[in-house]
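Listing of input16.pdb, PDB, C-alpha atoms
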```
MODEL        1
ATOM      1  CA  MET B   1       0.000   0.000   0.000
ATOM      2  CA  ALA B   2       1.321   3.438  -0.905
ATOM      3  CA  ASN B   3       2.178   5.706   1.977
ATOM      4  CA  SER B   4      -0.454   8.277   2.906
ATOM      5  CA  PRO B   5       0.609  11.909   3.354
ATOM      6  CA  SER B   6       1.303  12.576   7.008
ATOM      7  CA  LEU B   7       2.349  15.220   9.473
ATOM      8  CA  PRO B   8       3.454  14.962  13.097
ATOM      9  CA  SER B   9       0.441  14.809  15.400
ATOM     10  CA  ARG B  10       0.192  16.586  18.738
ATOM     11  CA  THR B  11       1.530  13.408  20.353
ATOM     12  CA  GLY B  12       4.561  13.385  18.030
ATOM     13  CA  SER B  13       3.486  10.331  15.989
ATOM     14  CA  PRO B  14       2.700  10.640  12.262
ATOM     15  CA  ALA B  15      -0.877  11.679  11.484
ATOM     16  CA  ILE B  16      -2.544  11.068   8.129
ATOM     17  CA  ILE B  17      -3.647  14.274   6.446
ATOM     18  CA  ASN B  18      -7.388  14.101   5.848
ATOM     19  CA  GLY B  19      -9.365  16.019   3.248
ATOM     20  CA  LEU B  20     -11.341  18.972   4.655
ATOM     21  CA  SER B  21     -14.018  20.535   2.454
ATOM     22  CA  VAL B  22     -16.795  23.105   2.568
ATOM     23  CA  ASP B  23     -19.744  23.022   0.155
ATOM     24  CA  VAL B  24     -20.380  26.746  -0.314
ATOM     25  CA  GLU B  25     -24.106  27.350  -0.779
ATOM     26  CA  ASP B  26     -26.593  29.543   1.066
ATOM     27  CA  TRP B  27     -29.387  28.416   3.377
ATOM     28  CA  PHE B  28     -32.067  28.527   0.668
ATOM     29  CA  GLN B  29     -30.111  26.534  -1.953
ATOM     30  CA  VAL B  30     -30.110  23.159  -0.242
ATOM     31  CA  GLY B  31     -31.678  19.982  -1.572
ATOM     32  CA  ALA B  32     -34.030  19.790   1.412
ATOM     33  CA  PHE B  33     -35.881  22.909   0.212
ATOM     34  CA  GLU B  34     -35.610  22.512  -3.559
ATOM     35  CA  ASN B  35     -39.340  21.811  -3.899
ATOM     36  CA  VAL B  36     -40.323  24.691  -1.598
ATOM     37  CA  ILE B  37     -38.109  27.613  -2.626
ATOM     38  CA  ARG B  38     -38.014  28.469  -6.333
ATOM     39  CA  ARG B  39     -34.705  29.408  -7.953
ATOM     40  CA  GLY B  40     -36.440  32.451  -9.351
ATOM     41  CA  ASP B  41     -36.913  33.732  -5.788
ATOM     42  CA  TRP B  42     -33.304  33.334  -4.664
ATOM     43  CA  ASP B  43     -32.284  36.935  -5.353
ATOM     44  CA  SER B  44     -35.078  38.194  -3.110
ATOM     45  CA  LEU B  45     -33.822  36.250  -0.069
ATOM     46  CA  ALA B  46     -31.296  37.300   2.572
ATOM     47  CA  LEU B  47     -27.738  36.275   1.679
ATOM     48  CA  ARG B  48     -25.926  34.867   4.705
ATOM     49  CA  VAL B  49     -23.171  32.848   3.066
ATOM     50  CA  GLU B  50     -20.521  35.597   3.189
ATOM     51  CA  ASP B  51     -20.679  36.065   6.967
ATOM     52  CA  ASN B  52     -20.809  32.300   7.561
ATOM     53  CA  VAL B  53     -17.792  31.605   5.353
ATOM     54  CA  ALA B  54     -15.901  34.428   7.091
ATOM     55  CA  GLN B  55     -16.419  32.617  10.412
ATOM     56  CA  ILE B  56     -15.200  29.368   8.865
ATOM     57  CA  LEU B  57     -12.080  31.058   7.515
ATOM     58  CA  ASP B  58     -11.349  32.413  10.988
ATOM     59  CA  LEU B  59     -11.791  28.936  12.484
ATOM     60  CA  PHE B  60      -9.440  27.379   9.930
ATOM     61  CA  ASP B  61      -6.894  30.126  10.499
ATOM     62  CA  GLU B  62      -7.077  29.547  14.252
ATOM     63  CA  ALA B  63      -6.377  25.832  13.737
ATOM     64  CA  ASP B  64      -3.799  26.483  10.993
ATOM     65  CA  VAL B  65      -5.515  24.173   8.496
ATOM     66  CA  LYS B  66      -6.239  24.482   4.792
ATOM     67  CA  ALA B  67      -9.347  23.193   3.055
ATOM     68  CA  THR B  68     -11.188  23.057  -0.267
ATOM     69  CA  PHE B  69     -14.224  25.264  -0.837
ATOM     70  CA  PHE B  70     -16.529  23.633  -3.393
ATOM     71  CA  THR B  71     -18.458  26.738  -4.417
ATOM     72  CA  LEU B  72     -21.608  27.315  -6.447
ATOM     73  CA  GLY B  73     -21.126  29.538  -9.480
ATOM     74  CA  TRP B  74     -24.284  31.380  -8.409
ATOM     75  CA  VAL B  75     -22.648  32.301  -5.103
ATOM     76  CA  ALA B  76     -19.319  33.272  -6.675
ATOM     77  CA  LYS B  77     -21.053  35.557  -9.183
ATOM     78  CA  ARG B  78     -22.514  37.613  -6.316
ATOM     79  CA  ASN B  79     -19.633  37.402  -3.828
ATOM     80  CA  GLY B  80     -16.414  38.055  -5.708
ATOM     81  CA  ALA B  81     -14.612  39.537  -2.703
ATOM     82  CA  LEU B  82     -15.368  36.432  -0.648
ATOM     83  CA  ILE B  83     -13.998  34.167  -3.378
ATOM     84  CA  ARG B  84     -10.774  36.149  -3.505
ATOM     85  CA  ARG B  85     -10.481  36.002   0.289
ATOM     86  CA  ILE B  86     -10.749  32.186   0.221
ATOM     87  CA  VAL B  87      -7.929  31.936  -2.307
ATOM     88  CA  ALA B  88      -5.776  34.573  -0.612
ATOM     89  CA  ALA B  89      -5.934  32.541   2.611
ATOM     90  CA  GLY B  90      -4.333  29.571   0.844
ATOM     91  CA  HIS B  91      -7.419  27.410   0.462
ATOM     92  CA  GLU B  92      -8.408  25.600  -2.715
ATOM     93  CA  LEU B  93     -11.343  26.909  -4.733
ATOM     94  CA  ALA B  94     -13.292  24.211  -6.574
ATOM     95  CA  SER B  95     -16.618  23.875  -8.386
ATOM     96  CA  HIS B  96     -19.959  22.803  -6.942
ATOM     97  CA  GLY B  97     -21.804  23.430 -10.201
ATOM     98  CA  TYR B  98     -23.769  26.580 -10.955
ATOM     99  CA  ASP B  99     -27.019  26.463  -8.976
ATOM    100  CA  HIS B 100     -27.087  23.169  -7.065
ATOM    101  CA  ALA B 101     -29.019  21.154  -9.658
ATOM    102  CA  ARG B 102     -28.360  17.452  -9.167
ATOM    103  CA  VAL B 103     -26.415  15.718 -11.910
ATOM    104  CA  PHE B 104     -29.082  13.098 -12.571
ATOM    105  CA  THR B 105     -31.579  15.862 -13.404
ATOM    106  CA  PHE B 106     -29.439  16.889 -16.413
ATOM    107  CA  GLU B 107     -29.122  15.592 -19.929
ATOM    108  CA  ARG B 108     -25.471  15.209 -20.836
ATOM    109  CA  HIS B 109     -25.268  18.449 -22.821
ATOM    110  CA  GLU B 110     -26.903  20.331 -19.943
ATOM    111  CA  PHE B 111     -24.321  19.016 -17.489
ATOM    112  CA  ARG B 112     -21.559  20.039 -19.894
ATOM    113  CA  ALA B 113     -22.926  23.577 -19.955
ATOM    114  CA  ASP B 114     -23.410  23.711 -16.166
ATOM    115  CA  ILE B 115     -19.852  22.747 -15.226
ATOM    116  CA  GLY B 116     -18.432  25.014 -17.923
ATOM    117  CA  LYS B 117     -20.477  27.995 -16.764
ATOM    118  CA  ALA B 118     -19.618  27.501 -13.096
ATOM    119  CA  ARG B 119     -15.931  27.053 -13.802
ATOM    120  CA  LYS B 120     -15.697  30.261 -15.839
ATOM    121  CA  ILE B 121     -17.406  32.291 -13.106
ATOM    122  CA  LEU B 122     -15.110  30.881 -10.420
ATOM    123  CA  GLU B 123     -11.942  31.396 -12.423
ATOM    124  CA  ASP B 124     -12.926  34.933 -13.412
ATOM    125  CA  ALA B 125     -13.706  35.808  -9.794
ATOM    126  CA  ALA B 126     -10.572  34.304  -8.260
ATOM    127  CA  GLY B 127      -7.957  34.458 -11.010
ATOM    128  CA  VAL B 128      -6.947  30.829 -10.414
ATOM    129  CA  GLN B 129      -7.490  27.599 -12.333
ATOM    130  CA  ILE B 130     -10.248  25.278 -11.105
ATOM    131  CA  SER B 131      -9.362  21.568 -11.147
ATOM    132  CA  GLY B 132     -11.816  19.993  -8.660
ATOM    133  CA  TYR B 133     -15.553  19.357  -8.752
ATOM    134  CA  ARG B 134     -18.180  18.117  -6.321
ATOM    135  CA  ALA B 135     -21.659  17.309  -7.565
ATOM    136  CA  PRO B 136     -24.526  18.863  -5.584
ATOM    137  CA  SER B 137     -25.868  16.278  -3.118
ATOM    138  CA  PHE B 138     -23.219  13.748  -4.235
ATOM    139  CA  SER B 139     -25.356  13.118  -7.305
ATOM    140  CA  ILE B 140     -22.949  11.263  -9.567
ATOM    141  CA  ASP B 141     -24.035   7.637  -9.515
ATOM    142  CA  GLN B 142     -24.795   4.637 -11.733
ATOM    143  CA  ARG B 143     -27.313   6.758 -13.676
ATOM    144  CA  THR B 144     -24.757   9.336 -14.824
ATOM    145  CA  PRO B 145     -21.580   7.557 -16.017
ATOM    146  CA  TRP B 146     -21.148  10.177 -18.744
ATOM    147  CA  ALA B 147     -20.470  12.839 -16.101
ATOM    148  CA  TYR B 148     -16.894  11.611 -15.699
ATOM    149  CA  MET B 149     -16.265  11.878 -19.434
ATOM    150  CA  GLU B 150     -17.457  15.483 -19.407
ATOM    151  CA  LEU B 151     -15.304  16.357 -16.393
ATOM    152  CA  ALA B 152     -12.236  14.778 -17.970
ATOM    153  CA  GLU B 153     -12.840  16.501 -21.309
ATOM    154  CA  GLN B 154     -13.092  19.890 -19.566
ATOM    155  CA  GLY B 155      -9.780  19.359 -17.794
ATOM    156  CA  TYR B 156     -10.899  18.627 -14.253
ATOM    157  CA  THR B 157      -8.349  16.458 -12.446
ATOM    158  CA  TYR B 158     -10.557  15.141  -9.672
ATOM    159  CA  SER B 159     -14.129  14.823  -8.483
ATOM    160  CA  SER B 160     -15.486  14.247  -4.993
ATOM    161  CA  SER B 161     -19.055  13.495  -5.981
ATOM    162  CA  VAL B 162     -19.856   9.985  -4.774
ATOM    163  CA  ALA B 163     -21.377   8.787  -1.513
ATOM    164  CA  PRO B 164     -20.791   5.008  -1.538
ATOM    165  CA  ILE B 165     -23.867   4.277   0.583
ATOM    166  CA  THR B 166     -27.604   3.805   0.220
ATOM    167  CA  HIS B 167     -29.570   6.969   1.048
ATOM    168  CA  ASP B 168     -33.026   8.258   0.155
ATOM    169  CA  HIS B 169     -31.574  11.360  -1.566
ATOM    170  CA  TYR B 170     -28.335  10.051  -3.049
ATOM    171  CA  GLY B 171     -25.819   7.230  -2.984
ATOM    172  CA  TRP B 172     -23.913   4.763  -5.151
ATOM    173  CA  ARG B 173     -23.731   1.690  -2.951
ATOM    174  CA  ASP B 174     -21.458  -0.325  -5.256
ATOM    175  CA  ALA B 175     -18.819   2.369  -5.728
ATOM    176  CA  PRO B 176     -15.411   1.914  -4.049
ATOM    177  CA  ARG B 177     -15.057   3.490  -0.620
ATOM    178  CA  PHE B 178     -11.718   5.123  -1.385
ATOM    179  CA  ALA B 179     -10.187   7.121  -4.235
ATOM    180  CA  PHE B 180     -10.457   5.452  -7.636
ATOM    181  CA  LYS B 181     -10.031   6.207 -11.340
ATOM    182  CA  PRO B 182     -13.456   5.946 -13.011
ATOM    183  CA  LEU B 183     -12.193   6.052 -16.618
ATOM    184  CA  PRO B 184      -9.608   3.581 -17.971
ATOM    185  CA  TRP B 185      -8.084   6.180 -20.339
ATOM    186  CA  SER B 186      -8.020   9.201 -17.999
ATOM    187  CA  ASP B 187      -6.109  10.266 -14.892
ATOM    188  CA  LEU B 188      -9.315  11.776 -13.466
ATOM    189  CA  VAL B 189      -9.731  10.634  -9.848
ATOM    190  CA  GLU B 190     -12.948  10.234  -7.868
ATOM    191  CA  ILE B 191     -12.572  10.754  -4.105
ATOM    192  CA  PRO B 192     -15.724   9.469  -2.363
ATOM    193  CA  VAL B 193     -16.918  10.994   0.880
ATOM    194  CA  THR B 194     -15.950   8.926   3.912
ATOM    195  CA  THR B 195     -17.805   5.869   5.139
ATOM    196  CA  ALA B 196     -17.008   3.607   8.078
ATOM    197  CA  ILE B 197     -17.795  -0.036   8.739
ATOM    198  CA  LEU B 198     -20.108  -0.638  11.690
ATOM    199  CA  GLY B 199     -21.575  -4.068  12.366
ATOM    200  CA  GLY B 200     -20.371  -5.239   8.965
ATOM    201  CA  LYS B 201     -22.238  -2.462   7.135
ATOM    202  CA  ARG B 202     -21.163   0.766   5.486
ATOM    203  CA  VAL B 203     -22.327   3.852   7.299
ATOM    204  CA  ALA B 204     -22.025   7.519   6.337
ATOM    205  CA  ALA B 205     -19.281   9.191   8.364
ATOM    206  CA  GLY B 206     -18.030  12.098   6.279
ATOM    207  CA  GLY B 207     -19.859  15.056   7.740
ATOM    208  CA  GLY B 208     -22.982  17.047   6.907
ATOM    209  CA  GLY B 209     -26.162  16.210   8.757
ATOM    210  CA  PHE B 210     -24.704  12.992  10.153
ATOM    211  CA  PHE B 211     -21.997  15.011  11.910
ATOM    212  CA  ARG B 212     -24.518  17.455  13.368
ATOM    213  CA  VAL B 213     -27.002  14.853  14.576
ATOM    214  CA  LEU B 214     -24.718  12.129  15.934
ATOM    215  CA  PRO B 215     -22.389  12.519  18.929
ATOM    216  CA  TYR B 216     -18.927  13.830  18.095
ATOM    217  CA  ALA B 217     -17.468  10.581  19.452
ATOM    218  CA  PHE B 218     -18.922   8.736  16.446
ATOM    219  CA  SER B 219     -17.110  10.929  13.916
ATOM    220  CA  ARG B 220     -13.883  10.728  15.889
ATOM    221  CA  TRP B 221     -14.146   6.915  15.956
ATOM    222  CA  ALA B 222     -14.968   6.728  12.234
ATOM    223  CA  ILE B 223     -12.053   8.920  11.134
ATOM    224  CA  ARG B 224      -9.683   6.958  13.349
ATOM    225  CA  GLN B 225     -10.956   3.724  11.803
ATOM    226  CA  VAL B 226     -10.250   5.005   8.285
ATOM    227  CA  ASN B 227      -6.822   6.351   9.273
ATOM    228  CA  ARG B 228      -5.648   3.429  11.382
ATOM    229  CA  THR B 229      -7.354   0.356   9.956
ATOM    230  CA  TYR B 230      -7.190   1.275   6.275
ATOM    231  CA  GLU B 231      -4.291   3.767   6.437
ATOM    232  CA  ARG B 232      -6.345   6.117   4.276
ATOM    233  CA  PRO B 233      -7.268   9.782   4.564
ATOM    234  CA  ALA B 234     -10.851  10.572   5.530
ATOM    235  CA  VAL B 235     -12.902  13.032   3.470
ATOM    236  CA  PHE B 236     -15.056  15.401   5.509
ATOM    237  CA  TYR B 237     -17.515  18.072   4.342
ATOM    238  CA  PHE B 238     -19.968  20.578   5.760
ATOM    239  CA  HIS B 239     -21.891  23.695   4.672
ATOM    240  CA  PRO B 240     -21.652  27.329   5.808
ATOM    241  CA  TRP B 241     -25.349  27.407   6.779
ATOM    242  CA  GLU B 242     -24.705  24.596   9.282
ATOM    243  CA  ILE B 243     -22.968  27.008  11.653
ATOM    244  CA  ASP B 244     -25.813  29.544  11.420
ATOM    245  CA  PRO B 245     -28.548  28.824  14.005
ATOM    246  CA  ASP B 246     -30.187  32.228  13.361
ATOM    247  CA  GLN B 247     -30.932  31.617   9.687
ATOM    248  CA  PRO B 248     -34.548  32.086   8.498
ATOM    249  CA  ARG B 249     -36.980  29.205   8.895
ATOM    250  CA  VAL B 250     -38.739  27.959   5.772
ATOM    251  CA  PRO B 251     -42.515  27.739   6.158
ATOM    252  CA  GLY B 252     -44.234  24.899   4.358
ATOM    253  CA  ALA B 253     -41.176  22.633   4.175
ATOM    254  CA  PRO B 254     -41.825  18.951   4.963
ATOM    255  CA  ILE B 255     -41.133  18.012   8.567
ATOM    256  CA  LYS B 256     -38.427  15.530   7.504
ATOM    257  CA  SER B 257     -36.626  18.295   5.604
ATOM    258  CA  ARG B 258     -36.898  20.684   8.542
ATOM    259  CA  LEU B 259     -35.489  18.107  10.938
ATOM    260  CA  ARG B 260     -32.573  17.381   8.632
ATOM    261  CA  HIS B 261     -31.763  21.019   8.078
ATOM    262  CA  TYR B 262     -32.208  22.624  11.505
ATOM    263  CA  THR B 263     -31.203  19.932  14.019
ATOM    264  CA  ASN B 264     -28.203  20.885  16.185
ATOM    265  CA  LEU B 265     -27.183  23.993  14.240
ATOM    266  CA  ALA B 266     -26.097  25.664  17.480
ATOM    267  CA  LYS B 267     -23.792  22.725  18.275
ATOM    268  CA  MET B 268     -22.050  22.634  14.907
ATOM    269  CA  ALA B 269     -19.343  25.270  15.371
ATOM    270  CA  PRO B 270     -18.023  23.836  18.682
ATOM    271  CA  LYS B 271     -17.943  20.330  17.173
ATOM    272  CA  LEU B 272     -16.046  21.629  14.157
ATOM    273  CA  ARG B 273     -13.536  23.306  16.427
ATOM    274  CA  ASP B 274     -12.872  19.959  18.120
ATOM    275  CA  LEU B 275     -12.617  18.213  14.755
ATOM    276  CA  VAL B 276     -10.082  20.542  13.156
ATOM    277  CA  HIS B 277      -7.850  20.360  16.232
ATOM    278  CA  ASP B 278      -8.107  16.587  16.760
ATOM    279  CA  PHE B 279      -6.918  15.537  13.286
ATOM    280  CA  ALA B 280      -4.554  16.688  10.553
ATOM    281  CA  TRP B 281      -6.324  18.324   7.588
ATOM    282  CA  GLY B 282      -5.485  19.527   4.107
ATOM    283  CA  ARG B 283      -6.910  20.532   0.738
ATOM    284  CA  MET B 284      -8.620  17.992  -1.466
ATOM    285  CA  ASP B 285      -6.296  18.602  -4.413
ATOM    286  CA  MET B 286      -3.418  17.391  -2.252
ATOM    287  CA  LEU B 287      -5.146  14.012  -1.908
ATOM    288  CA  ALA B 288      -6.337  13.609  -5.482
ATOM    289  CA  HIS B 289      -3.566  11.421  -6.868
ATOM    290  CA  ARG B 290      -2.460   9.615  -3.736
ATOM    291  CA  GLN B 291      -3.542   5.993  -3.383
ATOM    292  CA  ALA B 292      -6.098   6.199  -6.198
ATOM    293  CA  ILE B 293      -6.908   2.638  -7.131
ATOM    294  CA  HIS B 294      -7.709   1.262 -10.554
ATOM    295  CA  ALA B 295     -11.177  -0.292 -10.539
ATOM    296  CA  PRO B 296     -11.133  -2.132 -13.895
ATOM    297  CA  GLY B 297     -14.584  -3.674 -13.708
ATOM    298  CA  LEU B 298     -16.270  -0.471 -12.618
ATOM    299  CA  ALA B 299     -14.218   1.708 -14.972
ATOM    300  CA  GLU B 300     -15.055  -0.465 -17.979
ATOM    301  CA  ALA B 301     -18.742  -0.496 -17.056
ATOM    302  CA  ILE B 302     -18.721   3.305 -16.705
ATOM    303  CA  ALA B 303     -16.989   3.627 -20.071
ATOM    304  CA  ARG B 304     -19.514   1.348 -21.803
ATOM    305  CA  GLU B 305     -22.523   3.118 -20.328
ATOM    306  CA  ALA B 306     -21.031   6.530 -21.077
ATOM    307  CA  ALA B 307     -20.421   5.543 -24.701
ATOM    308  CA  CYS B 308     -24.017   4.347 -25.026
ATOM    309  CA  ALA B 309     -25.255   7.590 -23.501
ATOM    310  CA  LEU B 310     -23.127   9.543 -25.972
ATOM    311  CA  GLU B 311     -24.594   7.622 -28.928
ATOM    312  CA  GLU B 312     -28.107   8.310 -27.689
ATOM    313  CA  ASP B 313     -27.251  11.983 -27.183
ATOM    314  CA  VAL B 314     -25.896  12.283 -30.740
ATOM    315  CA  ALA B 315     -28.880  10.413 -32.196
ATOM    316  CA  ALA B 316     -31.293  12.746 -30.386
TER     317      ALA B 316
ENDMDL
END
```

If you took the structure in this file and wrote it as structure tokens, what would it be?
Amino acid sequence: MANSPSLPSRTGSPAIINGLSVDVEDWFQVGAFENVIRRGDWDSLALRVEDNVAQILDLFDEADVKATFFTLGWVAKRNGALIRRIVAAGHELASHGYDHARVFTFERHEFRADIGKARKILEDAAGVQISGYRAPSFSIDQRTPWAYMELAEQGYTYSSSVAPITHDHYGWRDAPRFAFKPLPWSDLVEIPVTTAILGGKRVAAGGGGFFRVLPYAFSRWAIRQVNRTYERPAVFYFHPWEIDPDQPRVPGAPIKSRLRHYTNLAKMAPKLRDLVHDFAWGRMDMLAHRQAIHAPGLAEAIAREAACALEEDVAA
């Protein structure tokens, strides 16, 4: 097994550098409210993402860690100064698509346009090249094999768009748990969000709502399992709105969506502070080509399905 990147820990022993990421979207752009809040109304709503990201940048600076900010093109278009502050602080800027539409809602040509549009906005705002992508709601799965071809053709070097679990909103249960190359002819790397093994089953352990709802001890155990048992870096993510307990409440949203979105918001920032101090963290682009495995069976299946999708797209 290839050596994982490491730094001295606070105890003096080597610590694997884990991937720390922030999905930069505002409180009204989340999947939980996509059927309640219309995109056409977004510009009439209070923008809170700038203040929330500023707090996150201060937290990361306090802990002396760097991270990747997967940012919506919609947000970058309206917050150029914030984008430049992220880059100036030494963090990686990466794409989260334009307006949080899930990949499986696109036709192939629509996805091509979305990632191209978002990338141009981000690069124009920050003056840096964008090489990483994360699909909204981890929405690359067995239905969208062509997405990897489009990312590779546009020059992206890595994606972190797969949740290798079963979930009611997303998930690709049969995908590898750790970094893999989804295309046999490309160096593009997919870095799935972290899962742990509990009772012989895969469980989500990479952040988001699971981190807010479950005790911090669970996340600490899960990251240690990935680092120590598998000698792999964990991949953790969260959103700026998750540290904002004073954000507006959305009337008319389903109770399940409200529970997912609002539970433990006030506890998030203290838990994050523990997390960034308890482990070693770095940018996602630093992990992209370390320990990426070849998954021949999966890669060939993705290539076949993507080619079929391309033929259907051309025929249409």

Q: Taking the file as shown, find all residues satisfying the PyMOL selection byres ((chain B and resi 164) around 10) and write them as a ChimeraX atom specification.
A: /B:138,141,161-163,165-167,170-178,192-195,202-204

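Interatomic distance, atom CA of Ala63 of chain B against atom CA of Arg273 of chain B: 8.1 Å.
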
Q) For the atom pair atom CA of Asn264 of chain B and atom CA of Gly208 of chain B, what is the interatomic distance in Å to one decimal place? A)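 Interatomic distance here is 11.3 Å.
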
**Q.** Selection dump of the PyMOL selection byres ((chain B and resi 272) around 10), as a PyMOL selection string
**A.** chain B and resi 56+59-60+207+211-212+216+238+243+267-271+273-278

How would the residues just chosen look if you wrote them out with C-alpha atoms as an mmCIF file, keeping the file's coordinate frame?
```cif
data_model
loop_
_atom_site.group_PDB
_atom_site.id
_atom_site.type_symbol
_atom_site.label_atom_id
_atom_site.label_comp_id
_atom_site.auth_asym_id
_atom_site.auth_seq_id
_atom_site.Cartn_x
_atom_site.Cartn_y
_atom_site.Cartn_z
ATOM 1 C CA ILE B 56 -15.200 29.368 8.865
ATOM 2 C CA LEU B 59 -11.791 28.936 12.484
ATOM 3 C CA PHE B 60 -9.440 27.379 9.930
ATOM 4 C CA GLY B 207 -19.859 15.056 7.740
ATOM 5 C CA PHE B 211 -21.997 15.011 11.910
ATOM 6 C CA ARG B 212 -24.518 17.455 13.368
ATOM 7 C CA TYR B 216 -18.927 13.830 18.095
ATOM 8 C CA PHE B 238 -19.968 20.578 5.760
ATOM 9 C CA ILE B 243 -22.968 27.008 11.653
ATOM 10 C CA LYS B 267 -23.792 22.725 18.275
ATOM 11 C CA MET B 268 -22.050 22.634 14.907
ATOM 12 C CA ALA B 269 -19.343 25.270 15.371
ATOM 13 C CA PRO B 270 -18.023 23.836 18.682
ATOM 14 C CA LYS B 271 -17.943 20.330 17.173
ATOM 15 C CA ARG B 273 -13.536 23.306 16.427
ATOM 16 C CA ASP B 274 -12.872 19.959 18.120
ATOM 17 C CA LEU B 275 -12.617 18.213 14.755
ATOM 18 C CA VAL B 276 -10.082 20.542 13.156
ATOM 19 C CA HIS B 277 -7.850 20.360 16.232
ATOM 20 C CA ASP B 278 -8.107 16.587 16.760
#
```

Q: Please evaluate the PyMOL selection byres ((chain B and resi 179) around 12) against the structure above and give the resulting residues as a ChimeraX atom specification.
A: /B:19,158-164,175-178,180-182,187-194,232-235,284,287-295

Long-range neighbours of Pro136 of chain B as a PDB file with C-alpha atoms, in the frame of the given file, 7 Å cut-off, all atoms listed in the file, 5 positions minimum in chain:
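Wrote result_12.pdb, looks like this:
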```
ATOM      1  CA  HIS B  96     -19.959  22.803  -6.942  1.00  0.00           C
ATOM      2  CA  HIS B 100     -27.087  23.169  -7.065  1.00  0.00           C
ATOM      3  CA  ALA B 101     -29.019  21.154  -9.658  1.00  0.00           C
ATOM      4  CA  ARG B 102     -28.360  17.452  -9.167  1.00  0.00           C
TER       5      ARG B 102
END
```

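Residues with any atom within 10 Å of segment 152-155 of chain B, counting all atoms listed in the file and excluding same-chain neighbours fewer than 5 positions away, are Arg112, Ile115, Gly116, Arg119, Ile130, Ser131, Gly132, Ala147, Leu183, Trp185, Ser186, Asp187, Leu188 and Val189 of chain B.
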
Q. Atom CA of Phe69 of chain B to atom CA of Trp42 of chain B: how many Å, to one decimal?
A. 21.1 Å

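By all atoms listed in the file, and with residues fewer than 3 positions from Lys117 of chain B along its chain excluded, the set lying at most 8 Å from it is Gly73, Tyr98, Ala113, Asp114, Lys120 and Ile121 of chain B.
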
(Q) Excluding Glu242 of chain B and its own-chain neighbours fewer than 2 positions away, which residues fall within 7 Å of it when counting only C-alpha atoms? Please give them as JSON, numbers by chain. (A) {"B": [239, 240, 244, 265, 268]}

Residues from the last selection, C-alpha atoms, saved as a compact mmCIF listing (two decimals), in the coordinates of the input:
```
# COMPACT_ATOMS: atom_id res chain seq x y z
CA HIS B 239 -21.89 23.70 4.67
CA PRO B 240 -21.65 27.33 5.81
CA ASP B 244 -25.81 29.54 11.42
CA LEU B 265 -27.18 23.99 14.24
CA MET B 268 -22.05 22.63 14.91
```

**Q.** Near-Val103 of chain B list (8 Å; only C-alpha atoms; drop same-chain fewer than 2 positions) as a list in words
**A.** Ala101, Thr105, Phe106, Phe111, Ala135, Pro136, Ser139, Ile140, Thr144 and Ala147 of chain B

Q: Have a look at B:Arg134, B:Arg108, B:Lys256, B:His169 and name the one nearest to Met149 of chain B; count all atoms listed in the file.
A: B:Arg108

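Look at everything within 12 Å of (-35.5, 24.6, -4.1) using all atoms listed in the file, and the residues you get are B:Asp26, B:Trp27, B:Phe28, B:Gln29, B:Val30, B:Gly31, B:Ala32, B:Phe33, B:Glu34, B:Asn35, B:Val36, B:Ile37, B:Arg38, B:Arg39, B:Gly40, B:Asp41, B:Trp42, B:Asp99, B:His100, B:Ala101, B:Arg102, B:Val250, B:Ala253, B:Ser257.
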
**Q.** Pick from B:Trp74, B:Tyr156, B:Tyr237, B:Tyr148 nearest to Phe210 of chain B, counting all atoms listed in the file
**A.**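 Looking at the shortest contact to Phe210 of chain B, the residue is B:Tyr237.
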
Padded axis-aligned box of segment 152-158 of chain B (5 Å per side), centre and edge lengths, Å, one decimal, as JSON:
```
{"center_x": -10.7, "center_y": 17.3, "center_z": -15.5, "size_x": 14.7, "size_y": 15.1, "size_z": 21.6}
```

Q | Among the residues B:Arg249, B:Arg258, B:Arg220, B:Arg78, the one that comes closest to Phe279 of chain B [using only C-alpha atoms] | A |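 Distance minimum relative to Phe279 of chain B lands on B:Arg220.
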
Q: Find the residue from B:Val226, B:Ala126, B:Leu47, B:Leu259 that sits nearest to Gly206 of chain B; use only C-alpha atoms when measuring.
A: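 Under the stated criterion, the closest residue is B:Val226.
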